[in-house]
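Dropping upload-v8.pdb in here (PDB, C-alpha atoms, pLDDT in the B column):
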ATOM      1  CA  GLN A   1       0.000   0.000   0.000  1.00 71.00           C
ATOM      2  CA  VAL A   2       1.476   3.309  -1.086  1.00 78.00           C
ATOM      3  CA  GLN A   3       1.163   6.156   1.362  1.00 88.00           C
ATOM      4  CA  LEU A   4       1.838   9.808   0.607  1.00 93.00           C
ATOM      5  CA  VAL A   5       2.341  12.221   3.474  1.00 95.00           C
ATOM      6  CA  GLU A   6       2.356  15.980   3.053  1.00 97.00           C
ATOM      7  CA  SER A   7       3.889  18.366   5.542  1.00 98.00           C
ATOM      8  CA  GLY A   8       4.990  21.971   5.845  1.00 98.00           C
ATOM      9  CA  GLY A   9       1.655  23.750   5.870  1.00 98.00           C
ATOM     10  CA  GLY A  10       0.728  26.395   8.394  1.00 98.00           C
ATOM     11  CA  LEU A  11      -0.682  29.815   9.127  1.00 98.00           C
ATOM     12  CA  VAL A  12       1.286  32.662   7.566  1.00 98.00           C
ATOM     13  CA  GLN A  13       0.806  36.269   6.555  1.00 98.00           C
ATOM     14  CA  ALA A  14       0.464  37.539   3.018  1.00 98.00           C
ATOM     15  CA  GLY A  15       3.867  37.749   1.382  1.00 98.00           C
ATOM     16  CA  ASP A  16       5.370  34.945   3.442  1.00 98.00           C
ATOM     17  CA  SER A  17       6.712  31.617   2.173  1.00 98.00           C
ATOM     18  CA  LEU A  18       6.186  27.962   2.982  1.00 98.00           C
ATOM     19  CA  ARG A  19       7.933  24.842   1.770  1.00 98.00           C
ATOM     20  CA  LEU A  20       5.586  21.908   1.405  1.00 98.00           C
ATOM     21  CA  SER A  21       6.916  18.368   1.288  1.00 98.00           C
ATOM     22  CA  CYS A  22       5.431  15.179  -0.083  1.00 96.00           C
ATOM     23  CA  ALA A  23       7.029  11.971   1.123  1.00 94.00           C
ATOM     24  CA  ALA A  24       6.087   8.450   0.120  1.00 88.00           C
ATOM     25  CA  SER A  25       6.510   4.975   1.445  1.00 80.00           C
ATOM     26  CA  GLY A  26       8.471   2.882  -0.996  1.00 72.00           C
ATOM     27  CA  ARG A  27      10.206   4.168  -4.108  1.00 72.00           C
ATOM     28  CA  ILE A  28       7.141   5.248  -6.046  1.00 72.00           C
ATOM     29  CA  LEU A  29       7.971   8.943  -6.005  1.00 74.00           C
ATOM     30  CA  SER A  30      11.274   8.392  -7.772  1.00 76.00           C
ATOM     31  CA  SER A  31       9.617   6.751 -10.783  1.00 83.00           C
ATOM     32  CA  TYR A  32       6.502   8.761 -11.585  1.00 91.00           C
ATOM     33  CA  ALA A  33       5.143  12.219 -12.123  1.00 94.00           C
ATOM     34  CA  VAL A  34       3.933  13.973  -9.005  1.00 95.00           C
ATOM     35  CA  GLY A  35       1.423  16.768  -8.815  1.00 97.00           C
ATOM     36  CA  TRP A  36       0.244  19.230  -6.209  1.00 98.00           C
ATOM     37  CA  PHE A  37      -3.420  20.156  -6.047  1.00 98.00           C
ATOM     38  CA  ARG A  38      -5.352  22.350  -3.667  1.00 98.00           C
ATOM     39  CA  GLN A  39      -8.908  22.691  -2.479  1.00 98.00           C
ATOM     40  CA  ALA A  40     -10.345  25.695  -0.714  1.00 96.00           C
ATOM     41  CA  PRO A  41     -13.573  25.513   1.315  1.00 92.00           C
ATOM     42  CA  GLY A  42     -16.594  25.466  -0.959  1.00 95.00           C
ATOM     43  CA  LYS A  43     -14.482  25.191  -4.101  1.00 96.00           C
ATOM     44  CA  GLU A  44     -13.455  22.381  -6.387  1.00 97.00           C
ATOM     45  CA  ARG A  45      -9.989  20.909  -6.285  1.00 97.00           C
ATOM     46  CA  GLU A  46      -7.622  22.700  -8.639  1.00 98.00           C
ATOM     47  CA  PHE A  47      -4.263  21.920 -10.146  1.00 98.00           C
ATOM     48  CA  VAL A  48      -1.254  23.798  -8.752  1.00 98.00           C
ATOM     49  CA  ALA A  49       1.951  22.294 -10.145  1.00 98.00           C
ATOM     50  CA  ALA A  50       3.453  19.019 -11.332  1.00 98.00           C
ATOM     51  CA  VAL A  51       6.843  17.547 -12.119  1.00 96.00           C
ATOM     52  CA  SER A  52       7.716  14.661 -14.414  1.00 94.00           C
ATOM     53  CA  GLY A  53       9.296  11.487 -13.151  1.00 90.00           C
ATOM     54  CA  SER A  54      12.634  12.632 -14.544  1.00 89.00           C
ATOM     55  CA  GLY A  55      12.315  16.039 -12.937  1.00 89.00           C
ATOM     56  CA  GLY A  56      13.027  17.673 -16.278  1.00 91.00           C
ATOM     57  CA  ASN A  57       9.469  18.767 -17.034  1.00 94.00           C
ATOM     58  CA  THR A  58       7.365  21.001 -14.824  1.00 97.00           C
ATOM     59  CA  VAL A  59       4.036  22.693 -15.302  1.00 98.00           C
ATOM     60  CA  TYR A  60       2.262  25.337 -13.213  1.00 98.00           C
ATOM     61  CA  ALA A  61      -1.164  26.843 -12.917  1.00 98.00           C
ATOM     62  CA  ASP A  62      -1.231  30.435 -14.134  1.00 98.00           C
ATOM     63  CA  SER A  63      -2.283  31.595 -10.685  1.00 97.00           C
ATOM     64  CA  VAL A  64       0.982  30.406  -9.093  1.00 98.00           C
ATOM     65  CA  LYS A  65       3.446  30.779 -11.947  1.00 98.00           C
ATOM     66  CA  GLY A  66       6.449  32.811 -10.848  1.00 97.00           C
ATOM     67  CA  ARG A  67       5.624  32.355  -7.153  1.00 98.00           C
ATOM     68  CA  PHE A  68       5.650  28.570  -6.632  1.00 98.00           C
ATOM     69  CA  THR A  69       8.391  26.120  -7.556  1.00 98.00           C
ATOM     70  CA  ILE A  70       8.059  22.344  -7.641  1.00 98.00           C
ATOM     71  CA  SER A  71      11.114  20.142  -7.318  1.00 96.00           C
ATOM     72  CA  ARG A  72      12.001  16.603  -6.443  1.00 93.00           C
ATOM     73  CA  ASP A  73      14.789  14.792  -4.668  1.00 90.00           C
ATOM     74  CA  ASN A  74      14.554  11.206  -5.786  1.00 84.00           C
ATOM     75  CA  SER A  75      17.338  10.166  -3.422  1.00 85.00           C
ATOM     76  CA  LYS A  76      15.047  11.189  -0.572  1.00 87.00           C
ATOM     77  CA  ASN A  77      11.852  10.018  -2.273  1.00 88.00           C
ATOM     78  CA  THR A  78      10.392  13.460  -1.695  1.00 92.00           C
ATOM     79  CA  VAL A  79       8.778  16.176  -3.801  1.00 95.00           C
ATOM     80  CA  PHE A  80       8.733  19.792  -2.662  1.00 97.00           C
ATOM     81  CA  LEU A  81       6.546  22.772  -3.389  1.00 98.00           C
ATOM     82  CA  GLN A  82       8.188  26.074  -2.527  1.00 98.00           C
ATOM     83  CA  THR A  83       5.475  28.686  -2.149  1.00 98.00           C
ATOM     84  CA  ASN A  84       6.571  32.327  -2.127  1.00 98.00           C
ATOM     85  CA  SER A  85       4.704  35.620  -2.012  1.00 98.00           C
ATOM     86  CA  LEU A  86       1.664  33.861  -0.612  1.00 98.00           C
ATOM     87  CA  LYS A  87      -1.725  35.509  -0.993  1.00 98.00           C
ATOM     88  CA  PRO A  88      -4.963  35.010   0.960  1.00 97.00           C
ATOM     89  CA  GLU A  89      -6.432  33.333  -2.114  1.00 97.00           C
ATOM     90  CA  ASP A  90      -3.770  30.617  -1.787  1.00 98.00           C
ATOM     91  CA  THR A  91      -5.511  29.406   1.366  1.00 98.00           C
ATOM     92  CA  ALA A  92      -6.471  25.756   0.850  1.00 98.00           C
ATOM     93  CA  VAL A  93      -5.649  22.174   1.691  1.00 98.00           C
ATOM     94  CA  TYR A  94      -2.695  21.179  -0.475  1.00 98.00           C
ATOM     95  CA  SER A  95      -2.400  17.548  -1.537  1.00 98.00           C
ATOM     96  CA  CYS A  96       0.195  15.689  -3.530  1.00 97.00           C
ATOM     97  CA  ALA A  97      -0.574  12.833  -5.870  1.00 96.00           C
ATOM     98  CA  VAL A  98       1.227  10.329  -8.077  1.00 94.00           C
ATOM     99  CA  ASP A  99       0.503   9.758 -11.758  1.00 94.00           C
ATOM    100  CA  ARG A 100       1.657   6.347 -12.944  1.00 89.00           C
ATOM    101  CA  SER A 101       0.190   6.748 -16.434  1.00 88.00           C
ATOM    102  CA  THR A 102       2.588   9.368 -17.774  1.00 85.00           C
ATOM    103  CA  TYR A 103       5.870   8.386 -19.330  1.00 82.00           C
ATOM    104  CA  PHE A 104       8.918   9.250 -17.226  1.00 86.00           C
ATOM    105  CA  TYR A 105      10.150  12.096 -19.428  1.00 86.00           C
ATOM    106  CA  ASN A 106       6.830  13.498 -20.619  1.00 89.00           C
ATOM    107  CA  ARG A 107       5.117  16.692 -19.572  1.00 91.00           C
ATOM    108  CA  PRO A 108       3.070  15.862 -16.470  1.00 94.00           C
ATOM    109  CA  ASN A 109      -0.719  15.941 -16.489  1.00 95.00           C
ATOM    110  CA  VAL A 110      -2.769  18.757 -15.029  1.00 96.00           C
ATOM    111  CA  ASP A 111      -5.938  16.648 -14.867  1.00 96.00           C
ATOM    112  CA  SER A 112      -6.464  15.167 -11.414  1.00 96.00           C
ATOM    113  CA  ARG A 113      -8.095  12.097 -12.968  1.00 96.00           C
ATOM    114  CA  SER A 114      -4.662  10.966 -14.161  1.00 95.00           C
ATOM    115  CA  TYR A 115      -3.423  10.682 -10.591  1.00 95.00           C
ATOM    116  CA  ASP A 116      -4.115   7.507  -8.673  1.00 91.00           C
ATOM    117  CA  TYR A 117      -2.386   7.854  -5.316  1.00 92.00           C
ATOM    118  CA  TRP A 118      -3.216  10.772  -3.063  1.00 95.00           C
ATOM    119  CA  GLY A 119      -2.069  12.076   0.281  1.00 95.00           C
ATOM    120  CA  GLN A 120      -4.340  13.483   2.997  1.00 95.00           C
ATOM    121  CA  GLY A 121      -3.190  17.037   2.512  1.00 97.00           C
ATOM    122  CA  THR A 122      -1.679  19.847   4.535  1.00 98.00           C
ATOM    123  CA  GLN A 123      -3.499  23.066   5.404  1.00 98.00           C
ATOM    124  CA  VAL A 124      -2.109  26.376   4.185  1.00 98.00           C
ATOM    125  CA  THR A 125      -3.764  29.479   5.582  1.00 98.00           C
ATOM    126  CA  VAL A 126      -2.679  32.937   4.478  1.00 98.00           C
ATOM    127  CA  SER A 127      -3.931  35.929   6.406  1.00 97.00           C
ATOM    128  CA  SER A 128      -4.136  39.404   4.911  1.00 94.00           C
TER     129      SER A 128
END
Would you mind writing the file out in structure tokens?
Amino acid sequence: QVQLVESGGGLVQAGDSLRLSCAASGRILSSYAVGWFRQAPGKEREFVAAVSGSGGNTVYADSVKGRFTISRDNSKNTVFLQTNSLKPEDTAVYSCAVDRSTYFYNRPNVDSRSYDYWGQGTQVTVSS
């Protein structure tokens, strides 16, 4: 059973930064694309960022481009999401997920339906 565990969330002020981590049991994170998604209260889950299995391809939602950076350390079986210049509208539960359907070097998917393993999420709250 694969388990993904997110950490690094918290309560911060607008303009602050957080580094979110996604760790997995087993070696699954080192082989597949990983995405970050978020869901705010009363809203649908939305794509944030994703990185290919190789680490060479990344994709970002327009709303976070230039502020968030996704990276991976396959030696530590961990994927990171560096969030800078946080805004109140970034407040949400952030979850990571694994996509086993995308080829190692290909551009990762932005559609959550491509992802089949999910973590429980970590809360990010940004006050104004």
- Query: So how far away is CA of Leu86 in chain A from CA of Gly53 in chain A, in Å?
  - Reply: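 These atoms are spaced 26.8 Å apart.
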- Query: From the set A:Phe68, A:Phe47, A:Tyr103, A:Trp118, which residue has the shortest atom-to-atom contact distance to Glu6 in chain A, counting only C-alpha atoms?
  - Reply: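 Looking at the shortest contact to Glu6 in chain A, the residue is A:Trp118.
Every residue within 7 Å of the file position (-2.2, 27.4, -4.3), judged by only C-alpha atoms, is given as Arg38, Val48, Val64, Asp90, Thr91 and Ala92 of chain A.
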Under the rule of at most 7 Å, produce a per-residue listing of range 51-101 of chain A near range 13-19 of chain A: chain, number, name, the closest pair of atoms, and the distance in Å, as a Markdown table, using all atoms listed in the file.
| residue | atom | partner | partner_atom | distance |
| --- | --- | --- | --- | --- |
| A:Phe80 | CA | A:Arg19 | CA | 6.8 |
| A:Leu81 | CA | A:Arg19 | CA | 5.7 |
| A:Gln82 | CA | A:Arg19 | CA | 4.5 |
| A:Thr83 | CA | A:Leu18 | CA | 5.2 |
| A:Asn84 | CA | A:Ser17 | CA | 4.4 |
| A:Ser85 | CA | A:Gly15 | CA | 4.1 |
| A:Leu86 | CA | A:Gly15 | CA | 4.9 |
| A:Lys87 | CA | A:Ala14 | CA | 5.0 |
| A:Pro88 | CA | A:Ala14 | CA | 6.3 |
Taking all atoms of range 38-48 of chain A that the file lists and extending 5 Å past them on each side, where is the centre of the axis-aligned box and how long are its edges? Answer in Å to one decimal, as lines of an AutoDock Vina configuration file.
center_x = -8.9
center_y = 23.3
center_z = -4.4
size_x = 25.3
size_y = 14.8
size_z = 21.5
